[in-house]
Amino acid sequence: MSTEPYIILSALLFTIGCVGVLVRRNAIVVFMCVELMLNASNLALVTFAKANGNLDGQIAAFFVMVVAAAEVVVGLAIIMTIFRTRRSASVDDASLLKY
Amino acid sequence: MTAFWILAPIMVLAALGILFVRKAVHAALLLAVVMISLAVLYAVLDAPFLFAVQIIVYTGAILMLFLFVLMLVGVDASDSVVETIRGQRVLATVFGLLLGLTLVIGISQISFGTVIGLDDANEGGNVPALANLLFSKYVFAFETTSALLITAAIGAMVLAHRERLEPKESQADAAARRMREYAETGRHPGPLPAPGVFARHNAVDTPALLPDGTVAQDSISRVLAARGTVRSAPALADDIEEIKRQLGQAPEKAPEVSGKSGAAASTEEQNTASTTDGEEEE
């Protein structure tokens, strides 16, 4: 088994998530793309754990999952609050700080 | 590696789909595909605990949360196609391709050495080994996680909570308000009329008819009216002709009915006549 395909897959998923954050307008979809990037990094961590023969990588992936869960809860609550006041979930509409 | 070569194209295609689908719900479902495939890859990579956590936490909890918020925000809150910054899409794609290219070239130029494998580390089982690490080397990070989780929970509650700015309207207040509205605008103080109940349609999207045959607008929900899914009451009579035709009856043969009993009797006669006609033909 070689680790290279796994790392390349992880890089591809990370890139797709990155482009998604830049391209999509809907705040919830942007959030999903952030999750995709976190998952891609998790795949790299788990792969390296196997390559190096110790479990530190898996522990790191576990912590990333915990942080992602907390982040999703707070992020979605913020999106809900913005949607409630502005009736829109588009990231372009919340631009009051610009003016 | 078989699992990898099957799952990797699926994952990349699903991830690309997130970029291109219009509806957020479809994006969430594609993300579920990616996450479940990732869970299988974790199982292949000797991480059974992360396999379970990935399915329970990501596809079970986080994606459900996404779908729940999508439901609250409205499924039709799709992306606008208008670019606010000119050339942003093209630039983002170009930079994305550059990033991907750099990463792939960089990864393919370094050698990772031989894979040691987790057979030694997973000697007494993956979960006990992880627990050993978690409660010795990483115990401080683990305890900090608890602070993070409770902060997140409280933060979500504070953000989602809405303060009541005015006192709750009691039944007496509501009655007084209705009578005041009746005096000022002439709005009917009683309950709204029920939706129409006709012989073939008793659903809430069927409006009630006023005595002069017009539609009672208050009898249907405003949401249904805004969505445009209200059944048109006069159109309910249209398909009577079609049904008669299906029964083998010429529509012009329908007699002018004067009384209710006469109408019922005549339709019964015609029905029996039509059925016997049909049998003879067959």
# chains A, B, ... in the order shown; residues from 1 in each chain; ligands from 1

$ residues_around --residues "A:Ile59" --least-positions-apart "6" --cutoff "8 Å" --atoms "only C-alpha atoms" --output "list in words"
Leu130, Leu133 and Leu134 of chain B

$ residues_around --residues "A:Met80" --least-positions-apart "6" --cutoff "10 Å" --atoms "only C-alpha atoms" --output "MDAnalysis selection string"
(chainID A and resid 28 74 86:89) or (chainID B and resid 69:70 72:73 159:160)

$ residues_around --residues "B:Leu16" --least-positions-apart "4" --cutoff "10 Å" --atoms "only C-alpha atoms" --output "list in words"
Leu12, Leu13, Ile16, Gly17, Val19 and Gly20 of chain A; Ile10, Met11, Val12, Phe20, Val21, Ala27 and Leu30 of chain B

$ closest_residue --among "B:Ile220, B:Ala24, B:Leu38, B:Ala92" --to "A:Ser41" --atoms "only C-alpha atoms"
B:Leu38

$ residues_around --residues "A:Ala77" --least-positions-apart "4" --cutoff "9 Å" --atoms "only C-alpha atoms" --output "NGL selection string"
(:A and (72-73 or 81-82)) or (:B and (69 or 155-160))

$ write_last_selection --atoms "C-alpha atoms" --output "mmCIF file, in the first residue's frame"
data_model
loop_
_atom_site.group_PDB
_atom_site.id
_atom_site.type_symbol
_atom_site.label_atom_id
_atom_site.label_comp_id
_atom_site.auth_asym_id
_atom_site.auth_seq_id
_atom_site.Cartn_x
_atom_site.Cartn_y
_atom_site.Cartn_z
ATOM 1 C CA VAL A 72 -20.740 24.226 12.771
ATOM 2 C CA VAL A 73 -23.038 24.824 15.729
ATOM 3 C CA THR A 81 -29.435 35.168 13.125
ATOM 4 C CA ILE A 82 -28.340 36.968 9.956
ATOM 5 C CA VAL B 69 -30.983 25.013 9.089
ATOM 6 C CA GLY B 155 -22.928 30.547 22.139
ATOM 7 C CA ALA B 156 -25.450 28.806 19.901
ATOM 8 C CA MET B 157 -28.161 29.256 22.514
ATOM 9 C CA VAL B 158 -27.362 32.961 22.933
ATOM 10 C CA LEU B 159 -27.285 33.523 19.181
ATOM 11 C CA ALA B 160 -30.475 31.638 18.470
#

$ residues_around --residues "A:Ala68" --least-positions-apart "2" --cutoff "12 Å" --atoms "only C-alpha atoms" --output "PyMOL selection string"
(chain A and resi 31-32+34-39+41-42+61-66+70-76) or (chain B and resi 54+57-58+61-63+145+148-149+152)

$ write_last_selection --atoms "N, CA and C atoms" --output "short mmCIF file (atom, residue, chain, number, x, y, z; two decimals), in the first residue's frame"
data_model
loop_
_atom_site.label_atom_id
_atom_site.label_comp_id
_atom_site.auth_asym_id
_atom_site.auth_seq_id
_atom_site.Cartn_x
_atom_site.Cartn_y
_atom_site.Cartn_z
N PHE A 31 -20.23 27.23 3.99
CA PHE A 31 -19.92 26.49 5.21
C PHE A 31 -19.65 25.02 4.91
N MET A 32 -20.46 24.45 4.01
CA MET A 32 -20.24 23.05 3.64
C MET A 32 -18.87 22.88 3.00
N VAL A 34 -16.22 24.63 3.70
CA VAL A 34 -15.25 24.65 4.80
C VAL A 34 -15.17 23.26 5.43
N GLU A 35 -16.33 22.63 5.61
CA GLU A 35 -16.34 21.27 6.16
C GLU A 35 -15.57 20.32 5.26
N LEU A 36 -15.74 20.51 3.95
CA LEU A 36 -15.03 19.64 2.99
C LEU A 36 -13.52 19.79 3.17
N MET A 37 -13.06 21.03 3.37
CA MET A 37 -11.63 21.24 3.57
C MET A 37 -11.15 20.57 4.86
N LEU A 38 -11.94 20.68 5.93
CA LEU A 38 -11.56 20.03 7.19
C LEU A 38 -11.47 18.52 7.01
N ASN A 39 -12.44 17.97 6.28
CA ASN A 39 -12.43 16.52 6.04
C ASN A 39 -11.23 16.09 5.23
N SER A 41 -8.31 17.51 5.19
CA SER A 41 -7.12 17.51 6.05
C SER A 41 -7.16 16.30 6.99
N ASN A 42 -8.35 15.90 7.42
CA ASN A 42 -8.47 14.71 8.26
C ASN A 42 -7.97 13.47 7.55
N ALA A 61 -6.93 14.02 14.07
CA ALA A 61 -8.15 14.02 13.26
C ALA A 61 -9.38 14.06 14.17
N PHE A 62 -9.30 13.35 15.28
CA PHE A 62 -10.41 13.35 16.23
C PHE A 62 -10.67 14.74 16.78
N PHE A 63 -9.58 15.45 17.12
CA PHE A 63 -9.75 16.82 17.64
C PHE A 63 -10.30 17.74 16.56
N VAL A 64 -9.86 17.53 15.32
CA VAL A 64 -10.40 18.35 14.23
C VAL A 64 -11.91 18.14 14.12
N MET A 65 -12.34 16.89 14.29
CA MET A 65 -13.78 16.62 14.22
C MET A 65 -14.53 17.33 15.33
N VAL A 66 -13.96 17.31 16.54
CA VAL A 66 -14.63 17.97 17.67
C VAL A 66 -14.74 19.47 17.39
N ALA A 70 -18.16 21.93 16.94
CA ALA A 70 -18.42 23.17 17.66
C ALA A 70 -18.56 24.34 16.70
N GLU A 71 -17.70 24.36 15.67
CA GLU A 71 -17.71 25.45 14.71
C GLU A 71 -19.01 25.48 13.92
N VAL A 72 -19.49 24.29 13.54
CA VAL A 72 -20.74 24.23 12.77
C VAL A 72 -21.90 24.75 13.60
N VAL A 73 -21.92 24.38 14.89
CA VAL A 73 -23.04 24.82 15.73
C VAL A 73 -23.07 26.35 15.79
N VAL A 74 -21.91 26.95 16.09
CA VAL A 74 -21.89 28.42 16.23
C VAL A 74 -22.12 29.09 14.88
N GLY A 75 -21.48 28.56 13.84
CA GLY A 75 -21.62 29.16 12.51
C GLY A 75 -23.04 29.14 12.02
N LEU A 76 -23.71 28.00 12.18
CA LEU A 76 -25.09 27.93 11.71
C LEU A 76 -26.00 28.84 12.53
N GLN B 54 -16.79 9.40 12.32
CA GLN B 54 -17.11 10.13 11.09
C GLN B 54 -18.58 9.96 10.73
N VAL B 57 -20.78 11.54 13.93
CA VAL B 57 -20.69 12.98 14.15
C VAL B 57 -20.95 13.74 12.85
N TYR B 58 -20.27 13.35 11.77
CA TYR B 58 -20.40 14.15 10.55
C TYR B 58 -21.71 13.90 9.83
N ALA B 61 -24.74 13.99 12.81
CA ALA B 61 -25.07 15.21 13.54
C ALA B 61 -24.91 16.46 12.68
N ILE B 62 -23.73 16.62 12.07
CA ILE B 62 -23.43 17.89 11.42
C ILE B 62 -24.29 18.07 10.17
N LEU B 63 -24.41 17.02 9.37
CA LEU B 63 -25.21 17.18 8.15
C LEU B 63 -26.69 17.33 8.47
N THR B 145 -11.02 20.80 25.20
CA THR B 145 -12.13 20.54 24.30
C THR B 145 -13.47 20.69 25.02
N LEU B 148 -14.34 24.19 25.09
CA LEU B 148 -14.77 24.62 23.75
C LEU B 148 -16.20 24.20 23.48
N LEU B 149 -16.52 22.96 23.84
CA LEU B 149 -17.86 22.45 23.53
C LEU B 149 -18.92 23.21 24.31
N ALA B 152 -19.38 26.58 22.83
CA ALA B 152 -20.13 26.51 21.58
C ALA B 152 -21.62 26.34 21.86
#

$ closest_residue --among "A:Ile8, A:Gly53, A:Val30, A:Ser2" --to "B:Ser108" --atoms "only C-alpha atoms"
A:Ile8

$ select_by_dssp --residues "stretch 32-188 of chain B" --states "alpha helix (DSSP H)" --output "PyMOL selection string"
chain B and resi 32-44+48-53+63-73+88-109+126-134+139-160+171-185

$ closest_residue --among "B:Ser37, B:Pro48, B:Val104, B:Pro195" --to "chain A" --atoms "only C-alpha atoms"
B:Val104

$ closest_residue --among "B:Ala225, B:Leu118, B:Ala39, B:Ile240" --to "chain A" --atoms "only C-alpha atoms"
B:Leu118

$ residues_around --residues "stretch 183-192 of chain B" --least-positions-apart "3" --cutoff "8 Å" --atoms "only C-alpha atoms" --output "PDB file with C-alpha atoms, in the first residue's frame"
ATOM      1  CA  ARG B 178     -60.119  42.323  16.824  1.00  0.00           C
ATOM      2  CA  MET B 179     -62.975  44.618  17.829  1.00  0.00           C
ATOM      3  CA  ARG B 180     -60.744  47.674  17.339  1.00  0.00           C
ATOM      4  CA  ASP B 218     -59.536  34.405   3.429  1.00  0.00           C
ATOM      5  CA  SER B 219     -60.364  30.719   3.312  1.00  0.00           C
TER       6      SER B 219
END

$ atom_distance --atom1 "atom CA of A:Ile78" --atom2 "atom CA of B:Ala147"
19.8 Å

$ closest_residue --among "A:Ala60, A:Ala51, A:Ile7, A:Ala27" --to "chain B" --atoms "only C-alpha atoms"
A:Ala51

$ closest_residue --among "B:Glu181, B:Ala208, B:Ile55, B:Ile110" --to "B:Pro193" --atoms "only C-alpha atoms"
B:Ala208

$ decode --residues "stretch 5-27 of chain A" --atoms "C-alpha atoms" --output "compact mmCIF listing (two decimals), in the first residue's frame"
# COMPACT_ATOMS: atom_id res chain seq x y z
CA PRO A 5 -2.87 8.40 -3.74
CA TYR A 6 -4.54 9.17 -0.42
CA ILE A 7 -2.58 12.40 0.00
CA ILE A 8 -3.33 13.43 -3.57
CA LEU A 9 -7.04 12.76 -3.04
CA SER A 10 -6.86 14.82 0.13
CA ALA A 11 -5.18 17.68 -1.78
CA LEU A 12 -7.85 17.53 -4.50
CA LEU A 13 -10.70 17.65 -1.99
CA PHE A 14 -9.03 20.54 -0.19
CA THR A 15 -8.66 22.45 -3.45
CA ILE A 16 -12.30 21.85 -4.39
CA GLY A 17 -13.39 23.09 -0.98
CA CYS A 18 -11.19 26.16 -1.36
CA VAL A 19 -12.67 27.04 -4.76
CA GLY A 20 -16.15 26.44 -3.35
CA VAL A 21 -15.59 28.97 -0.57
CA LEU A 22 -14.50 31.52 -3.16
CA VAL A 23 -17.21 30.83 -5.73
CA ARG A 24 -20.44 30.06 -3.91
CA ARG A 25 -22.70 32.87 -2.62
CA ASN A 26 -24.99 30.97 -0.26
CA ALA A 27 -23.52 31.13 3.26
